[in-house]
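Undergrad: This is the structure, below, for whatever I ask next.
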Amino acid sequence: ARDLASSRNTPELIKQRNEQFGDVILTRFPPEPNGYLHIGHAKSINFNFGIASEYNGQCYLRFDDTNPEKENMEYINSIIDNIKWLGRTPFKTTYSSDNFEILYECAIKLIKKGFAFVCHQNKEESRKFREQGIPSPFRNRPVEENLRIFEEMRLGLWDEGEAVLRAKIDYKSPNTTLRDPAIYRIRYVSHPHAGNKWCIYPLYDYTHPICDSFEGITYSLCTLEFEIRRELYYWYLEKLDMYRPYVWEFSRLNVSYAVLSKRKLQTLVFGNHVKGWDDPRLLTIQGMRRRGYTPEGINAFCDLVSVTRNGNENVIGFQLLEHCIRKDLDNTTKRTMAVIDPVKVTITNLPDTYEQVLEAPDFPTQVERGSHKITFTNSVYVEREDTQLKDHKDFFGLAPGKVVGLKYAGVVKCIEVKAKDGVVSEVVVEFIKDDPPKPKTYLNWVSSKEAFDCEVRIYNNLFTEDPTSSDKELLELLNPNSLVIKNGSKINKNIIPELQHLSRFQFERQGYFAIDFDSDITKKTFVWNKIVGLSDTGKQ
Ligand code: ATP
Ligand code: MG
Ligand code: MG
């Protein structure tokens with residue numbers, strides 16, 4: 001049972017709010033621009049924008065930019081870009097720092113009402129006092145003195161750490177967030193959005209409710225770690241006699257075999273354990289995008305995990321994310337044959353000039369969606385795992401004596417498997433022209449005349465153990481084989497005109513692949529990222 005009393009507004013406040021914003025639902029997604037967004041943020045975006053559009057409302061993008069030393073334009077731009085990529089259009093893009101003037105005036109109001117005071121304790125002292133529930137010695141200084149020193153703080157007459165404005169609430173409250181928390185601190189740094197105007201900056205806990213109220217937010221949705229701060233949120237708005245949004249907390253999303261906290265992501269990126277914020281092994285929006293995940297798949301996942309309040313940490317299996325991505329790709333990506341680890345197959349009874357043009361369906365189960373042409377010739381590449389030096393009854397690929405199908409082309413009989421250093425180097429077959437038997441398997445192939453070389457990057461779990469449940473140090477869990485690079489993979493030339501960065505295809509029987517940014521499309525050098533396999537392997 002939650003206490004609704006604190007969010008209750010007076011009819012007058014509701015009237016004021018509705019006059020200004022209309023009687024509509026407004027939500028906000030409030031990132032701090034101190035890092036890149038990840039799948040957890042995607043959940044919050046999906047929730048905030050989703051609720052708003054479901055009820056004919058709107059959602060703001062608000063940069064919660066109160067820590068100028070940690071924030072920068074690079075993060076701001078990437079957040080704007082990521083939200084757009086996820087398919088969302090903010091009602092307005094605002095910055096908490098746009099409200100620095102209002103926040104300053106509110107602070108003066110609090111001082112005048114006797115609800116705030118300037119404190120000269122250093123960080124260490126005030127922490128100790130707050131822990132022990134002891135009042136600051138500056139708690140009861142006169143209003144005039146507080147006003148004067150706060151003004152001096154703004155003018156830059158005090159050094160960093162020499163003075164802090166604090167709320168005067170309850171120094172021994174059982175809810176420690178209410179023990180006279182700081183409202184303003186001095187920082188001589190310029191702000192990425194507000195520039196050099198200020199040397200005092202408001203703290204998040206104070207800024208957030210005022211910005212929410214000022215923007216007419218009806219539902220302030222945040223993650224559960226903020227539950228303890230709800231009382232403080234309402235305290236500020238009550239004392240300032242401002243409209244009170246309804247605050248509701250939901251669990252943070254965690255995904256198995258992934259890390260999402262900024263600190264851990266930074267450890268991986270700055271320690272060069274991955275290639276950057278957009279490394280396809282990370283569940284940053286940038287990383288998922290580069291890997292080839294689709295916004296539709298990511299949003300479907302967010303819908304599916306839904307929003308709960310059970311426990312602060314809910315860990316969702318990585319497979320569920322892959323399932324959602326695969327489901328979307330299954331419906332949207334054209335099929336083509338490609339060979340990742342090629343072995344050459346020579347068909348001895350077809351002439352060198354032999355060329356048979358075949359139609360291969362783009363979606364074999366929905367032939368009405370079109371087809372593409374492939375040419376069958378007397379030499380093709382097949383996947384190495386579809387060849388063996390010696391036959392075995394459980395093996396259905398090419399081995400001496402075996403009869404095997406080449407997809408869309410026909411049936412061949414394996415005559416010889418050549419080897420070099422014990423590894424298959426070439427397969428020799430004969431084409432069965434008349435009355436071919438029905439083979440157990442049809443293999444993927446690419447004609448050597450149509451084959452185009454490319455690089456394929458295959459991703460495995462970044463960690464050998466799930467970091468969301470392991471006690472070990474993050475870096476000890478790193479999987480040395482999380483990236484496997486294949487060179488000399490073969491794609492069919494005919495798909496080249498369709499290739500752009502991030503173009504996605506299903507390589508039949510192999511999985512889904514996307515063209516990486518490292519490709520130089522104009523020079524026809526292609527690098528593919530494996531997005532996800534065709535079925536749930538039970539591994540990553
Ligand atoms: P981090 O710990 O990764 O730095 P954060 O909460 O500090 O995360 P913000 O930029 O402040 O990151 O987050 C913006 C919004 O996204 C907040 O409302 C926050 O609650 C939400 N959010 C962040 N991480 C998650 C997550 N893992 N699951 C759901 N929502 C999240
Ligand atoms: Mg943070
Ligand atoms: Mg935060």
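Residue numbering restarts at 1 for every chain of the structure tokens, chains are lettered A, B, ... in their displayed order, and ligands are numbered from 1 as they appear.
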I need the strand (DSSP E or B) residues of region 33-232 of chain A per DSSP on the backbone, written as a VMD selection string.

TA: chain A and resid 38 58 to 63 93 to 95 116 to 119 164 to 167 182 to 186 191 195 200 to 202 219 to 223

Undergrad: Please identify every residue of region 240-308 of chain A that has at least one atom no farther than 10 Å from an atom of region 483-490 of chain A, counting only C-alpha atoms, and for each give the shortest atom pair and the distance in Å to one decimal, arranged by chain then increasing number, as a Markdown table.

TA:
```
| residue | atom | partner | partner_atom | distance |
| --- | --- | --- | --- | --- |
| A:Val274 | CA | A:Leu483 | CA | 9.7 |
| A:Pro280 | CA | A:Leu483 | CA | 9.6 |
| A:Arg281 | CA | A:Leu483 | CA | 8.3 |
```

Undergrad: Would you mind exporting the chosen residues as a PDB file, in the first residue's frame, restricted to C-alpha atoms?

TA:
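Printed below is again36.pdb as written:
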```pdb
ATOM      1  CA  VAL A 274      36.496  -3.800 -26.123  1.00  0.00           C
ATOM      2  CA  PRO A 280      29.053  -4.959 -30.958  1.00  0.00           C
ATOM      3  CA  ARG A 281      29.644  -7.069 -27.845  1.00  0.00           C
TER       4      ARG A 281
END
```

Undergrad: Measuring atom to atom with only C-alpha atoms and all ligand atoms, identify which of A:Ser469, A:Asn175, A:Ser44, A:Ser97 is nearest to ligand 3.

TA: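 Once distances to ligand 3 are computed over only C-alpha atoms and all ligand atoms, the minimum belongs to A:Ser44.
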
Undergrad: Give me, as a list of chain:residue names, all polymer residues having an atom no more than 12 Å from Leu534 (chain A), counting only C-alpha atoms and skipping those fewer than 5 positions away in the same chain.

TA: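 Returned residues: A:Glu322, A:His323, A:Cys324, A:Ile325, A:Arg326, A:Lys327, A:Asp328, A:Leu329, A:Asp330, A:Arg335, A:Phe505, A:Gln506, A:Phe507, A:Glu508, A:Arg509, A:Gln510, A:Gly511, A:Tyr512, A:Phe513.
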
Undergrad: Which residues are near region 425-436 of chain A? Cut-off 7 Å, only C-alpha atoms, ignore same chain within fewer than 5 positions. Put them as a PyMOL selection string.

TA: chain A and resi 343-349+411-420

Undergrad: Quick one: write out the picked residues with C-alpha atoms as a CSV table (one decimal), in the first residue's frame?

TA:
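Contents of out25.csv, freshly written:
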```csv
chain,number,residue,atom,x,y,z
A,343,VAL,CA,36.3,-25.1,-49.1
A,344,LYS,CA,36.4,-25.3,-52.9
A,345,VAL,CA,34.4,-27.9,-54.7
A,346,THR,CA,35.2,-28.9,-58.2
A,347,ILE,CA,32.5,-30.5,-60.4
A,348,THR,CA,34.4,-32.6,-62.8
A,349,ASN,CA,31.7,-33.4,-65.3
A,411,VAL,CA,22.7,-33.3,-56.6
A,412,VAL,CA,26.3,-34.3,-56.6
A,413,LYS,CA,28.3,-37.4,-55.7
A,414,CYS,CA,31.6,-36.9,-53.8
A,415,ILE,CA,34.5,-38.5,-55.6
A,416,GLU,CA,37.4,-37.4,-53.6
A,417,VAL,CA,38.3,-35.2,-50.6
A,418,LYS,CA,41.8,-33.7,-50.9
A,419,ALA,CA,43.7,-32.7,-47.8
A,420,LYS,CA,46.7,-30.6,-46.9
```

Undergrad: Can you work out which one of A:Thr27, A:Ser448, A:Gln266, A:Gln20 has the shortest atom-to-atom distance to Val247 (chain A), counting only C-alpha atoms?

TA: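 Looking only at the distances to Val247 (chain A), the closest residue turns out to be A:Thr27.
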
Undergrad: Rank nothing, just name the residue among A:Pro209, A:Asn331, A:Arg290, A:Pro497 nearest to Asp518 (chain A), using only C-alpha atoms.

TA: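 Nearest candidate to Asp518 (chain A) out of A:Pro209, A:Asn331, A:Arg290, A:Pro497: A:Arg290.
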
Undergrad: Taking only C-alpha atoms and all ligand atoms into account, which residues have an atom no farther than 8 Å from ligand 1? I'd like them as an MDAnalysis selection string.

TA: chainID A and resid 29:35 37:45 64 221:224 250:254 260:263

Undergrad: Any chance you could export the current selection's C-alpha atoms as an mmCIF file, in the first residue's frame?

TA:
```cif
data_model
loop_
_atom_site.group_PDB
_atom_site.id
_atom_site.type_symbol
_atom_site.label_atom_id
_atom_site.label_comp_id
_atom_site.auth_asym_id
_atom_site.auth_seq_id
_atom_site.Cartn_x
_atom_site.Cartn_y
_atom_site.Cartn_z
ATOM 1 C CA PHE A 29 13.126 10.506 -20.106
ATOM 2 C CA PRO A 30 15.833 12.185 -18.022
ATOM 3 C CA PRO A 31 19.342 10.932 -18.833
ATOM 4 C CA GLU A 32 22.411 12.472 -17.351
ATOM 5 C CA PRO A 33 24.703 13.202 -20.311
ATOM 6 C CA ASN A 34 27.676 11.500 -18.667
ATOM 7 C CA GLY A 35 27.849 8.383 -20.839
ATOM 8 C CA LEU A 37 22.794 4.912 -23.411
ATOM 9 C CA HIS A 38 22.331 1.167 -23.020
ATOM 10 C CA ILE A 39 19.532 -1.394 -23.129
ATOM 11 C CA GLY A 40 18.422 -0.356 -19.616
ATOM 12 C CA HIS A 41 17.845 3.156 -20.908
ATOM 13 C CA ALA A 42 15.997 1.678 -23.870
ATOM 14 C CA LYS A 43 13.593 0.156 -21.363
ATOM 15 C CA SER A 44 13.078 3.509 -19.678
ATOM 16 C CA ILE A 45 12.645 5.213 -23.079
ATOM 17 C CA ASP A 64 19.646 16.063 -16.244
ATOM 18 C CA LEU A 221 8.836 7.362 -13.649
ATOM 19 C CA CYS A 222 12.188 6.323 -12.248
ATOM 20 C CA THR A 223 14.096 3.265 -11.176
ATOM 21 C CA LEU A 224 13.632 1.723 -7.748
ATOM 22 C CA PHE A 250 10.181 0.458 -11.482
ATOM 23 C CA SER A 251 12.978 -2.119 -11.400
ATOM 24 C CA ARG A 252 16.194 -1.568 -13.251
ATOM 25 C CA LEU A 253 16.806 -3.897 -16.115
ATOM 26 C CA ASN A 254 19.818 -6.158 -16.103
ATOM 27 C CA LEU A 260 25.167 -1.955 -18.025
ATOM 28 C CA SER A 261 26.485 0.267 -15.274
ATOM 29 C CA LYS A 262 28.399 3.252 -16.558
ATOM 30 C CA ARG A 263 31.326 2.508 -14.306
#
```

Undergrad: Tell me, in Å to one decimal, how far CA of Trp528 (chain A) is from CA of Asp279 (chain A).

TA: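 Separating CA of Trp528 (chain A) from CA of Asp279 (chain A) is a distance of 13.3 Å.
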
Undergrad: Ranking A:Asp466, A:Glu105, A:Glu131, A:Glu355 by minimum distance to Thr176 (chain A) and counting only C-alpha atoms, which one comes first?

TA: A:Glu131

Undergrad: Taking only C-alpha atoms and all ligand atoms into account, which of A:Ser447, A:Gln319, A:Asn56, A:Thr66 comes nearest ligand 3?

TA: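 Result for the nearest residue to ligand 3: A:Thr66.
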
Undergrad: Would you mind reading off the distance between CA of Gly405 (chain A) and CA of Asn494 (chain A), one decimal, in Å?

TA: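 CA of Asn494 (chain A) lies 22.2 Å from CA of Gly405 (chain A).
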
Undergrad: Out of A:Pro192, A:Pro437, A:Pro135, A:Gly216, which residue has the shortest atom-to-atom distance to Arg17 (chain A) when counting only C-alpha atoms?

TA: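 Of the candidates, the smallest distance to Arg17 (chain A) is held by A:Gly216.
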
Undergrad: Work out how far CA of Ser220 (chain A) is from CA of Tyr60 (chain A), in Å to one decimal.

TA: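 A separation of 11.1 Å between them.
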
Undergrad: May I have the residues within 6 Å of region 358-371 of chain A as a ChimeraX atom specification, using only C-alpha atoms and disregarding those fewer than 2 positions away in the same chain?

TA: /A:334-335,373-375

Undergrad: Residues within 12 Å of Asn196 (chain A), please, as a ChimeraX atom specification. Count only C-alpha atoms; anything in the same chain fewer than 6 positions from it doesn't count.

TA: /A:68,97,154,156,187-190

Undergrad: Restricting it to N, CA and C atoms, dump the selection as a PDB file, in the first residue's frame.

TA:
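Output file part.pdb is given in full below:
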```pdb
ATOM      1  N   PRO A  68      28.475  19.315 -14.184  1.00  0.00           N
ATOM      2  CA  PRO A  68      29.185  19.753 -15.389  1.00  0.00           C
ATOM      3  C   PRO A  68      30.527  19.061 -15.602  1.00  0.00           C
ATOM      4  N   SER A  97      19.591  22.444 -16.899  1.00  0.00           N
ATOM      5  CA  SER A  97      20.355  23.689 -16.789  1.00  0.00           C
ATOM      6  C   SER A  97      19.613  24.888 -17.384  1.00  0.00           C
ATOM      7  N   ARG A 154      27.263  32.663  -5.260  1.00  0.00           N
ATOM      8  CA  ARG A 154      26.927  32.824  -6.685  1.00  0.00           C
ATOM      9  C   ARG A 154      27.910  33.757  -7.387  1.00  0.00           C
ATOM     10  N   GLY A 156      30.967  34.120  -6.738  1.00  0.00           N
ATOM     11  CA  GLY A 156      32.307  33.560  -6.806  1.00  0.00           C
ATOM     12  C   GLY A 156      33.228  34.060  -5.708  1.00  0.00           C
ATOM     13  N   ARG A 187      31.244  25.001  -7.855  1.00  0.00           N
ATOM     14  CA  ARG A 187      32.164  24.338  -8.805  1.00  0.00           C
ATOM     15  C   ARG A 187      32.634  25.374  -9.806  1.00  0.00           C
ATOM     16  N   TYR A 188      33.927  25.584  -9.850  1.00  0.00           N
ATOM     17  CA  TYR A 188      34.450  26.522 -10.842  1.00  0.00           C
ATOM     18  C   TYR A 188      34.775  25.791 -12.142  1.00  0.00           C
ATOM     19  N   VAL A 189      33.724  25.305 -12.769  1.00  0.00           N
ATOM     20  CA  VAL A 189      33.902  24.656 -14.080  1.00  0.00           C
ATOM     21  C   VAL A 189      32.811  25.188 -14.990  1.00  0.00           C
ATOM     22  N   SER A 190      33.115  25.225 -16.292  1.00  0.00           N
ATOM     23  CA  SER A 190      32.063  25.684 -17.190  1.00  0.00           C
ATOM     24  C   SER A 190      31.161  24.504 -17.513  1.00  0.00           C
TER      25      SER A 190
END
```

Undergrad: Taking the chain letters and numbering used in this document, name the residues of region 178-422 of chain A that DSSP puts in alpha helix (DSSP H), as a ChimeraX atom specification.

TA: /A:204-214,230-239,262-270,285-291,295-305,318-332
